[in-house]
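To start, the structure under review is shown below, and the notes come after it.
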Amino acid sequence: MKKLSVKITGVPKKVHLYTLVDGQMIKLKKNQFGAYEGEFETEKENVAVEVFRSLELLGKLWWLYSLITFIVSVLGIFEPWYDRKCIALECKYVVSLKETSEIKINLKPLSKEGKAVDVESDSEVMEVNNAFYIDKKAKLRWRLMLAFKIIIWIVAIILAIYFIAINI
Amino acid sequence: MKNPSLAKMEFNNFGLRLGKIFFNLAIFLLIFCVCGMVSLLSTAFLFLVGAVVTILSMGTIFVYAPNFWNSIIAGMNATANFFSFVIGNAYIFLSIVMALSIASIVILALDRQNKHIPRIVVASIVLVVALLMMIFVASGVIA
């Protein structure tokens with residue numbers, strides 16, 4: 001059985017990263033230094049390691065979840081803001097495994113384009129994909145949500161003024 | 001991008017967002033309750049301000065502001081009404097604060113990706129304060 005240790009460093013607090021090894025999601029635990037570590041065991045000679053960022057607005061039920069949280073948070077007043085920049089990252093490496101292999105992925109500061117990570121490994125690593133990009137779908141949904149919120153707030157303010165005027 | 005458990009990830013993010021909303025709501029409601037209970041002091045303070053201004057100005061305040069005492073009394077009524085409203089519904093408000101705190105603590109503690117220690121600590125403090133306030137109200141210390 002071959003063992004692969006995966007370590008991801010440089011992850012900002014608000015960024016959630018997910019790691020797949022050969023299509024399987026592996027759970028990474030945060031160590032005392034703020035890095036995420038996990039292990040994967042396999043009999044294969046090569047495995048594909050993918051790291052990606054999950055944006056909240058990319059899900060299938062984004063409209064339902066954002067509507068529920070908008071209502072629960074009293075018209076969005078007590079709701080944390082969704083990520084405005086919608087920067088996604090996609091990186092995939094094929095690692096040739098030894099008995100025990102290690103791959104260290106260092107996330108670069110988020111930017112609109114360019115390489116997303118630097119990789120160090122004691123095994124042979126082939127880069128398939130490594131980039132930051134703006135997710136246009138998430139960005140469009142963010143704008144739609146903002147427009148919806150602004151319209152609802154304007155309607156709420158008009159209704160409030162109307163009811164106050166009636167009572168006076 | 002292959003993602004075998006996208007629905008689960010989406011639900012986790014939604015849960016985390018709800019946890020943060022509950023945290024924010026609990027703090028706001030607690031501050032609201034505290035302000036309501038403290039408003040009794042502001043009623044007395046307003047009266048004191050009115051009396052001091054009247055004495056120091058030797059009554060001349062009524063020449064410059066004929067409605068001075070009406071304004072003071074209106075302010076006192078408003079703060080007294082606010083106090084009555086909060087005390088009258090204290091059990092409901094404080095129960096909601098406690099429920100929201102507990103919900104946010106549970107949801108934030110279940111997040112495996114990140115630790116939310118500051119929020120959990122603050123939510124615990126909010127819970128304890130709400131519990132103490134409920135005890136004070138029930139015992140008649142504040143009423």
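Labels used: A, B, ... for chains in the order of the structure tokens, numbers from 1 for residues in each chain, and numbers from 1 for ligands as shown.
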Alpha helix (DSSP H) per DSSP on the backbone: members of segment 86-117 of chain B, as number ranges by chain: B: 86-88, 90-109, 117
Non-local contacts of segment 69-83 of chain B (8 Å; only C-alpha atoms; under 5 positions in same chain excluded) as a list in words: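 Counting only C-alpha atoms, the residues come to Gly36, Met37, Val38, Ser39, Leu40, Ser42, Thr43, Ala44, Leu46, Phe47 and Gly50 of chain B.
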Proximal residues of chain A relative to chain B (only C-alpha atoms; 8 Å) as a VMD selection string: chain A and resid 13 16 23 to 25 28 to 30 54 56 59 to 61 65 69 72 to 73 78 to 80
Atomic separation - atom CA of Gly114 of chain A relative to atom CA of Phe40 of chain A, Å: 28.5 Å
Best match for closeness to Thr54 of chain B among B:Phe68, B:Gly140, B:Leu41, B:Ile92, counting only C-alpha atoms: B:Phe68
With only C-alpha atoms as the counted atoms, please give the residues lying no more than 10 Å from Leu89 of chain A, apart from itself and same-chain residues fewer than 2 positions off, as a PDB file with N, CA and C atoms, in the first residue's frame.
```pdb
ATOM      1  N   LEU A  17     -11.030  25.369   0.998  1.00  0.00           N
ATOM      2  CA  LEU A  17     -10.483  24.573  -0.104  1.00  0.00           C
ATOM      3  C   LEU A  17     -10.901  23.119   0.063  1.00  0.00           C
ATOM      4  N   VAL A  51      -7.068  20.393  -6.218  1.00  0.00           N
ATOM      5  CA  VAL A  51      -7.464  21.321  -5.158  1.00  0.00           C
ATOM      6  C   VAL A  51      -8.346  22.371  -5.795  1.00  0.00           C
ATOM      7  N   PHE A  52      -9.485  22.631  -5.187  1.00  0.00           N
ATOM      8  CA  PHE A  52     -10.343  23.677  -5.731  1.00  0.00           C
ATOM      9  C   PHE A  52     -11.041  24.407  -4.600  1.00  0.00           C
ATOM     10  N   ARG A  53     -11.544  25.564  -4.956  1.00  0.00           N
ATOM     11  CA  ARG A  53     -12.238  26.391  -3.977  1.00  0.00           C
ATOM     12  C   ARG A  53     -13.734  26.339  -4.272  1.00  0.00           C
ATOM     13  N   SER A  54     -14.491  26.069  -3.229  1.00  0.00           N
ATOM     14  CA  SER A  54     -15.938  26.017  -3.403  1.00  0.00           C
ATOM     15  C   SER A  54     -16.543  27.384  -3.126  1.00  0.00           C
ATOM     16  N   LEU A  55     -17.133  27.993  -4.139  1.00  0.00           N
ATOM     17  CA  LEU A  55     -17.814  29.273  -3.941  1.00  0.00           C
ATOM     18  C   LEU A  55     -19.272  29.003  -3.578  1.00  0.00           C
ATOM     19  N   CYS A  86     -15.404  36.608  -6.193  1.00  0.00           N
ATOM     20  CA  CYS A  86     -15.682  35.325  -6.857  1.00  0.00           C
ATOM     21  C   CYS A  86     -14.436  34.730  -7.525  1.00  0.00           C
ATOM     22  N   ILE A  87     -13.341  34.758  -6.795  1.00  0.00           N
ATOM     23  CA  ILE A  87     -12.101  34.193  -7.346  1.00  0.00           C
ATOM     24  C   ILE A  87     -12.091  32.695  -7.060  1.00  0.00           C
ATOM     25  N   CYS A  91      -6.600  23.559  -9.545  1.00  0.00           N
ATOM     26  CA  CYS A  91      -5.268  23.024  -9.755  1.00  0.00           C
ATOM     27  C   CYS A  91      -5.299  21.513  -9.674  1.00  0.00           C
ATOM     28  N   LEU A 107      -0.591  27.725  -1.277  1.00  0.00           N
ATOM     29  CA  LEU A 107      -1.531  28.595  -1.982  1.00  0.00           C
ATOM     30  C   LEU A 107      -0.977  30.011  -2.038  1.00  0.00           C
ATOM     31  N   LEU A 110      -4.707  35.299  -3.231  1.00  0.00           N
ATOM     32  CA  LEU A 110      -5.760  35.283  -4.248  1.00  0.00           C
ATOM     33  C   LEU A 110      -5.591  36.432  -5.231  1.00  0.00           C
ATOM     34  N   SER A 111      -5.706  36.107  -6.503  1.00  0.00           N
ATOM     35  CA  SER A 111      -5.670  37.163  -7.516  1.00  0.00           C
ATOM     36  C   SER A 111      -6.580  36.738  -8.675  1.00  0.00           C
ATOM     37  N   LYS A 112      -6.850  37.662  -9.571  1.00  0.00           N
ATOM     38  CA  LYS A 112      -7.826  37.380 -10.628  1.00  0.00           C
ATOM     39  C   LYS A 112      -7.307  36.387 -11.669  1.00  0.00           C
ATOM     40  N   GLU A 113      -5.996  36.305 -11.785  1.00  0.00           N
ATOM     41  CA  GLU A 113      -5.425  35.358 -12.752  1.00  0.00           C
ATOM     42  C   GLU A 113      -4.025  34.983 -12.308  1.00  0.00           C
ATOM     43  N   GLY A 114      -3.452  34.058 -13.034  1.00  0.00           N
ATOM     44  CA  GLY A 114      -2.093  33.644 -12.701  1.00  0.00           C
ATOM     45  C   GLY A 114      -2.083  32.308 -11.991  1.00  0.00           C
ATOM     46  N   LYS A 115      -0.885  31.882 -11.659  1.00  0.00           N
ATOM     47  CA  LYS A 115      -0.748  30.573 -11.006  1.00  0.00           C
ATOM     48  C   LYS A 115      -1.304  30.627  -9.593  1.00  0.00           C
ATOM     49  N   ALA A 116      -1.997  29.549  -9.253  1.00  0.00           N
ATOM     50  CA  ALA A 116      -2.689  29.527  -7.969  1.00  0.00           C
ATOM     51  C   ALA A 116      -1.813  28.972  -6.850  1.00  0.00           C
ATOM     52  N   VAL A 117      -0.988  27.985  -7.171  1.00  0.00           N
ATOM     53  CA  VAL A 117      -0.214  27.311  -6.125  1.00  0.00           C
ATOM     54  C   VAL A 117       1.219  27.064  -6.566  1.00  0.00           C
ATOM     55  N   ASN A 129      -3.082  21.446 -14.326  1.00  0.00           N
ATOM     56  CA  ASN A 129      -3.860  22.677 -14.251  1.00  0.00           C
ATOM     57  C   ASN A 129      -3.418  23.458 -13.020  1.00  0.00           C
ATOM     58  N   ASN A 130      -3.299  24.774 -13.157  1.00  0.00           N
ATOM     59  CA  ASN A 130      -2.890  25.550 -11.981  1.00  0.00           C
ATOM     60  C   ASN A 130      -3.203  27.007 -12.253  1.00  0.00           C
ATOM     61  N   ALA A 131      -4.390  27.453 -11.859  1.00  0.00           N
ATOM     62  CA  ALA A 131      -4.750  28.828 -12.194  1.00  0.00           C
ATOM     63  C   ALA A 131      -5.821  29.390 -11.278  1.00  0.00           C
ATOM     64  N   PHE A 132      -5.718  30.690 -11.085  1.00  0.00           N
ATOM     65  CA  PHE A 132      -6.824  31.452 -10.494  1.00  0.00           C
ATOM     66  C   PHE A 132      -7.677  31.956 -11.643  1.00  0.00           C
ATOM     67  N   TYR A 133      -8.967  32.136 -11.398  1.00  0.00           N
ATOM     68  CA  TYR A 133      -9.811  32.761 -12.402  1.00  0.00           C
ATOM     69  C   TYR A 133     -11.059  33.298 -11.719  1.00  0.00           C
ATOM     70  N   ILE A 134     -11.702  34.254 -12.395  1.00  0.00           N
ATOM     71  CA  ILE A 134     -12.955  34.800 -11.863  1.00  0.00           C
ATOM     72  C   ILE A 134     -14.076  33.917 -12.386  1.00  0.00           C
ATOM     73  N   ASP A 135     -14.839  33.373 -11.457  1.00  0.00           N
ATOM     74  CA  ASP A 135     -15.955  32.528 -11.884  1.00  0.00           C
ATOM     75  C   ASP A 135     -17.118  33.425 -12.311  1.00  0.00           C
TER      76      ASP A 135
END
```
